[in-house]
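**Q** Handing you a structure now.
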Amino acid sequence: MVDSHSEDWNLSEEEWRERLSAAEYQVLRQAGTERAFTGEYTDTKTQGVYRCRACGYELFRSNEKFDSHCGWPSFFSPLAGDRIIERRDTSLGMVRTEVLCSRCKSHLGHVFEGEGYNTPTDLRYCINSISLTLEPDKTAE
């Protein structure tokens, strides 16, 4: 993972294939989905910042994460609205809202609204663990 603000993130698909593992590439660059309940951050309670695995951009904080029991890490809000892009996704014969990293345009997951979770936003950002890395908060230990 690289976290360079000056780096050009408009990479070719070949360059992305070189940077990412096959599984990371399938989710981050081809909008795939990891199997439910298999991701490393699904149930983690570690405090810290979740970053885009492709470019290192800060996306979510652990205090915005909640237990949705859906099989993927869930957040009720991104770190800031400019950290993500939301776009209409009509794949799989349904209408959903895809979530992408605003810096490198990698696929993160989807956001759902109105599911009745007791969160401040009534949103569930359902994010693939493989799209993220967690930087633990050293002061929380």
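Ligands are numbered from 1 in the order shown, chains are lettered A, B, ... in the order of the structure tokens, and residues start at 1 in each chain.
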If we count only C-alpha atoms, what is near Leu11 in chain A at a cut-off of 10 Å, once residues fewer than 5 positions away on the same chain are taken out, given as a PyMOL selection string?
**A** chain A and resi 16-17+104
**Q** Just the residues within 12 Å of Ser21 in chain A, please, counting only C-alpha atoms, with nothing from its chain fewer than 5 positions along; format it as a ChimeraX atom specification.
**A** /A:1,15-16,26-29,53-54,130-131
**Q** Would you export the selected residues with N, CA, C and O atoms as a compact mmCIF listing (two decimals), in the first residue's frame, please?
**A**
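Output file out_3.txt is given in full below:
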# COMPACT_ATOMS: atom_id res chain seq x y z
N MET A 1 0.84 -1.18 0.00
CA MET A 1 0.00 0.00 0.00
C MET A 1 0.89 1.24 0.00
O MET A 1 1.85 1.34 0.71
N GLU A 15 -0.88 -1.78 -14.65
CA GLU A 15 -0.22 -1.27 -13.44
C GLU A 15 -0.98 -1.68 -12.18
O GLU A 15 -0.36 -2.05 -11.17
N TRP A 16 -2.31 -1.64 -12.24
CA TRP A 16 -3.10 -2.09 -11.08
C TRP A 16 -2.87 -3.58 -10.82
O TRP A 16 -2.74 -4.00 -9.67
N GLN A 26 -9.66 -8.19 -8.27
CA GLN A 26 -11.02 -8.61 -8.63
C GLN A 26 -12.07 -7.74 -7.92
O GLN A 26 -13.07 -7.37 -8.51
N VAL A 27 -11.84 -7.39 -6.68
CA VAL A 27 -12.80 -6.57 -5.94
C VAL A 27 -12.59 -5.08 -6.23
O VAL A 27 -13.51 -4.38 -6.62
N LEU A 28 -11.37 -4.60 -6.05
CA LEU A 28 -11.10 -3.17 -6.16
C LEU A 28 -11.23 -2.61 -7.57
O LEU A 28 -11.70 -1.50 -7.76
N ARG A 29 -10.81 -3.37 -8.57
CA ARG A 29 -10.78 -2.83 -9.94
C ARG A 29 -11.88 -3.40 -10.83
O ARG A 29 -12.18 -2.84 -11.87
N ARG A 53 -7.24 0.11 0.34
CA ARG A 53 -6.11 -0.81 0.17
C ARG A 53 -5.31 -0.50 -1.09
O ARG A 53 -4.10 -0.74 -1.14
N ALA A 54 -5.94 0.09 -2.09
CA ALA A 54 -5.24 0.38 -3.34
C ALA A 54 -4.34 1.61 -3.25
O ALA A 54 -3.24 1.60 -3.78
N ILE A 130 -11.41 -6.64 1.93
CA ILE A 130 -10.25 -6.66 1.04
C ILE A 130 -10.02 -5.31 0.37
O ILE A 130 -8.94 -5.05 -0.16
N SER A 131 -10.99 -4.41 0.43
CA SER A 131 -10.84 -3.06 -0.11
C SER A 131 -10.18 -2.12 0.89
O SER A 131 -9.90 -0.97 0.57
**Q** I'd like the contact shell of range 82-84 of chain A - 7 Å cut-off, only C-alpha atoms, skipping same-chain residues fewer than 5 positions apart - returned as a short mmCIF file (atom, residue, chain, number, x, y, z; two decimals) with N, CA, C and O atoms, in the first residue's frame.
**A**
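Saved result, around.cif, follows:
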data_model
loop_
_atom_site.label_atom_id
_atom_site.label_comp_id
_atom_site.auth_asym_id
_atom_site.auth_seq_id
_atom_site.Cartn_x
_atom_site.Cartn_y
_atom_site.Cartn_z
N LEU A 59 -10.51 6.59 4.66
CA LEU A 59 -11.91 6.52 4.25
C LEU A 59 -12.90 6.51 5.41
O LEU A 59 -13.92 7.21 5.37
N VAL A 99 -20.04 2.33 -3.91
CA VAL A 99 -19.14 3.24 -3.22
C VAL A 99 -17.73 3.01 -3.75
O VAL A 99 -17.25 1.87 -3.78
N LEU A 100 -17.07 4.11 -4.16
CA LEU A 100 -15.71 4.06 -4.68
C LEU A 100 -14.82 5.02 -3.91
O LEU A 100 -15.30 6.03 -3.39
N CYS A 101 -13.54 4.74 -3.87
CA CYS A 101 -12.56 5.66 -3.31
C CYS A 101 -12.46 6.86 -4.25
O CYS A 101 -12.32 6.69 -5.46
N SER A 102 -12.56 8.06 -3.71
CA SER A 102 -12.53 9.25 -4.57
C SER A 102 -11.14 9.53 -5.13
O SER A 102 -11.01 10.22 -6.13
#
**Q** If DSSP is run on the backbone, what residues of range 32-86 of chain A are strand (DSSP E)? A reply as a list in words would be ideal.
**A**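 Everything in range 32-86 of chain A that counts as strand (DSSP E) is Gly48, Val49, Tyr50, Arg51, Cys52, Glu58, Leu59, Phe60, Arg61, Lys65, Phe66, Ser74, Phe75, Ile84, Ile85 and Glu86 of chain A.
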**Q** Restricting the calculation to only C-alpha atoms: of A:Arg124, A:Arg51, A:Arg35, A:Lys105, which residue gets closest to Phe66 in chain A?
**A**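 Of A:Arg124, A:Arg51, A:Arg35, A:Lys105, the one nearest Phe66 in chain A, counting only C-alpha atoms, is A:Arg124.
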**Q** Based on the backbone DSSP call, show me all residues of chain A assigned helix (DSSP H, G or I), as a list in words.
**A**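 Matching residues, listed in order: Glu13, Glu14, Glu15, Trp16, Arg17, Glu18, Arg19, Ala22, Ala23, Glu24, Tyr25, Gln26, Val27, Leu28, Ser62, Asn63, Glu64, Gly81, Asp82, Arg83, Ser91, Leu92, Gly93, Ser129, Ile130, Ser131, Lys138, Thr139 and Ala140 of chain A.
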**Q** Atoms to include: C-alpha atoms. Write the selected residues as a CSV table (one decimal), in the first residue's frame.
**A**
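out29.csv written:
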chain,number,residue,atom,x,y,z
A,13,GLU,CA,-5.1,-1.9,-15.6
A,14,GLU,CA,-1.7,-3.5,-16.1
A,15,GLU,CA,-0.2,-1.3,-13.4
A,16,TRP,CA,-3.1,-2.1,-11.1
A,17,ARG,CA,-2.6,-5.8,-11.7
A,18,GLU,CA,1.1,-5.4,-10.7
A,19,ARG,CA,0.2,-3.5,-7.5
A,22,ALA,CA,-5.5,-11.3,-7.9
A,23,ALA,CA,-8.2,-11.2,-5.2
A,24,GLU,CA,-7.7,-7.5,-4.4
A,25,TYR,CA,-7.8,-6.7,-8.2
A,26,GLN,CA,-11.0,-8.6,-8.6
A,27,VAL,CA,-12.8,-6.6,-5.9
A,28,LEU,CA,-11.1,-3.2,-6.2
A,62,SER,CA,-13.6,2.7,13.6
A,63,ASN,CA,-16.0,4.9,15.7
A,64,GLU,CA,-18.3,4.9,12.5
A,81,GLY,CA,-18.1,13.1,2.0
A,82,ASP,CA,-15.3,13.9,-0.4
A,83,ARG,CA,-13.4,10.7,0.5
A,91,SER,CA,-25.8,-4.8,-12.0
A,92,LEU,CA,-27.4,-8.0,-10.8
A,93,GLY,CA,-30.9,-6.8,-11.9
A,129,SER,CA,-12.6,-6.0,3.9
A,130,ILE,CA,-10.2,-6.7,1.0
A,131,SER,CA,-10.8,-3.1,-0.1
A,138,LYS,CA,-1.9,3.7,18.9
A,139,THR,CA,-3.4,6.0,21.6
A,140,ALA,CA,-6.3,3.6,22.1
**Q** What separation in Å, quoted to one decimal, exists between CA of Glu115 in chain A and CA of Glu86 in chain A?
**A** 18.0 Å
**Q** Skipping near chain neighbours, those fewer than 3 positions away, what residues fall within 12 Å of Pro136 in chain A using only C-alpha atoms, listed as a list in words?
**A** Thr44, Lys45, Thr46, Gln47, Gly48, Val49, Tyr50, Arg51, Arg61, Ser62, Thr133, Thr139, Ala140 and Glu141 of chain A
**Q** For the residues selected in the previous step, produce a file with all heavy atoms as a compact mmCIF listing (two decimals), in the first residue's frame.
**A**
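What landed in out07.txt:
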# COMPACT_ATOMS: atom_id res chain seq x y z
N THR A 44 -13.95 -7.08 13.52
CA THR A 44 -12.90 -6.47 14.33
C THR A 44 -13.43 -5.29 15.13
O THR A 44 -14.31 -4.56 14.69
CB THR A 44 -11.69 -6.03 13.47
OG1 THR A 44 -10.66 -5.61 14.33
CG2 THR A 44 -12.04 -4.89 12.55
N LYS A 45 -12.90 -5.14 16.32
CA LYS A 45 -13.26 -4.03 17.22
C LYS A 45 -12.08 -3.07 17.41
O LYS A 45 -12.14 -2.15 18.20
CB LYS A 45 -13.70 -4.56 18.59
CG LYS A 45 -14.81 -5.56 18.54
CD LYS A 45 -16.11 -4.93 18.14
CE LYS A 45 -17.23 -5.94 18.27
NZ LYS A 45 -18.21 -5.86 17.23
N THR A 46 -10.99 -3.30 16.68
CA THR A 46 -9.79 -2.47 16.80
C THR A 46 -10.11 -1.02 16.43
O THR A 46 -10.75 -0.76 15.41
CB THR A 46 -8.68 -3.01 15.89
OG1 THR A 46 -8.43 -4.38 16.23
CG2 THR A 46 -7.41 -2.20 16.01
N GLN A 47 -9.65 -0.10 17.26
CA GLN A 47 -9.84 1.33 17.00
C GLN A 47 -8.79 1.81 16.02
O GLN A 47 -7.62 1.42 16.10
CB GLN A 47 -9.74 2.13 18.30
CG GLN A 47 -10.83 1.81 19.30
CD GLN A 47 -12.21 2.16 18.77
OE1 GLN A 47 -12.48 3.29 18.41
NE2 GLN A 47 -13.07 1.16 18.70
N GLY A 48 -9.19 2.66 15.07
CA GLY A 48 -8.24 3.20 14.12
C GLY A 48 -8.91 3.75 12.89
O GLY A 48 -10.10 4.04 12.87
N VAL A 49 -8.10 3.89 11.84
CA VAL A 49 -8.55 4.46 10.57
C VAL A 49 -8.51 3.37 9.51
O VAL A 49 -7.50 2.66 9.37
CB VAL A 49 -7.64 5.64 10.15
CG1 VAL A 49 -8.02 6.15 8.77
CG2 VAL A 49 -7.71 6.75 11.16
N TYR A 50 -9.58 3.26 8.76
CA TYR A 50 -9.65 2.34 7.63
C TYR A 50 -9.28 3.10 6.37
O TYR A 50 -9.84 4.15 6.08
CB TYR A 50 -11.05 1.75 7.49
CG TYR A 50 -11.38 0.77 8.59
CD1 TYR A 50 -11.93 1.19 9.79
CD2 TYR A 50 -11.14 -0.59 8.41
CE1 TYR A 50 -12.23 0.30 10.80
CE2 TYR A 50 -11.43 -1.50 9.42
CZ TYR A 50 -11.98 -1.05 10.60
OH TYR A 50 -12.27 -1.94 11.59
N ARG A 51 -8.30 2.56 5.63
CA ARG A 51 -7.79 3.20 4.42
C ARG A 51 -8.10 2.35 3.19
O ARG A 51 -8.28 1.13 3.31
CB ARG A 51 -6.27 3.36 4.51
CG ARG A 51 -5.81 4.28 5.61
CD ARG A 51 -4.27 4.29 5.70
NE ARG A 51 -3.79 5.25 6.65
CZ ARG A 51 -3.52 6.52 6.36
NH1 ARG A 51 -3.67 6.97 5.14
NH2 ARG A 51 -3.08 7.34 7.29
N ARG A 61 -13.46 5.76 9.92
CA ARG A 61 -12.89 5.60 11.27
C ARG A 61 -13.66 4.50 11.99
O ARG A 61 -14.84 4.27 11.74
CB ARG A 61 -12.97 6.90 12.06
CG ARG A 61 -12.08 7.97 11.48
CD ARG A 61 -11.69 8.99 12.55
NE ARG A 61 -10.86 10.04 11.99
CZ ARG A 61 -9.56 9.98 11.83
NH1 ARG A 61 -8.91 8.91 12.22
NH2 ARG A 61 -8.88 10.99 11.31
N SER A 62 -12.98 3.85 12.90
CA SER A 62 -13.61 2.74 13.63
C SER A 62 -14.82 3.19 14.45
O SER A 62 -15.73 2.40 14.68
CB SER A 62 -12.58 2.06 14.53
OG SER A 62 -12.02 3.00 15.42
N THR A 133 -7.50 -1.36 4.50
CA THR A 133 -6.47 -1.72 5.47
C THR A 133 -6.79 -0.92 6.72
O THR A 133 -7.35 0.18 6.63
CB THR A 133 -5.04 -1.38 4.99
OG1 THR A 133 -4.95 0.01 4.72
CG2 THR A 133 -4.66 -2.18 3.76
N THR A 139 -3.00 5.38 20.32
CA THR A 139 -3.38 6.00 21.61
C THR A 139 -4.51 5.23 22.28
O THR A 139 -4.77 5.43 23.46
CB THR A 139 -3.80 7.46 21.42
OG1 THR A 139 -4.95 7.52 20.60
CG2 THR A 139 -2.67 8.27 20.82
N ALA A 140 -5.21 4.35 21.55
CA ALA A 140 -6.34 3.62 22.11
C ALA A 140 -5.91 2.36 22.86
O ALA A 140 -6.71 1.71 23.48
CB ALA A 140 -7.33 3.24 21.01
N GLU A 141 -4.63 2.03 22.78
CA GLU A 141 -4.16 0.78 23.40
C GLU A 141 -3.97 0.92 24.89
O GLU A 141 -3.74 1.92 25.45
CB GLU A 141 -2.84 0.35 22.75
CG GLU A 141 -3.04 0.00 21.30
CD GLU A 141 -1.73 -0.29 20.59
OE1 GLU A 141 -0.64 -0.12 21.16
OE2 GLU A 141 -1.79 -0.71 19.43
**Q** For each of A:Leu132, A:Ser77, A:Thr121, A:Glu40, take the minimum atom-to-atom distance to Cys55 in chain A, counting only C-alpha atoms, then give the residue where this is smallest.
**A**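 Counting only C-alpha atoms, the residue closest to Cys55 in chain A is A:Leu132.
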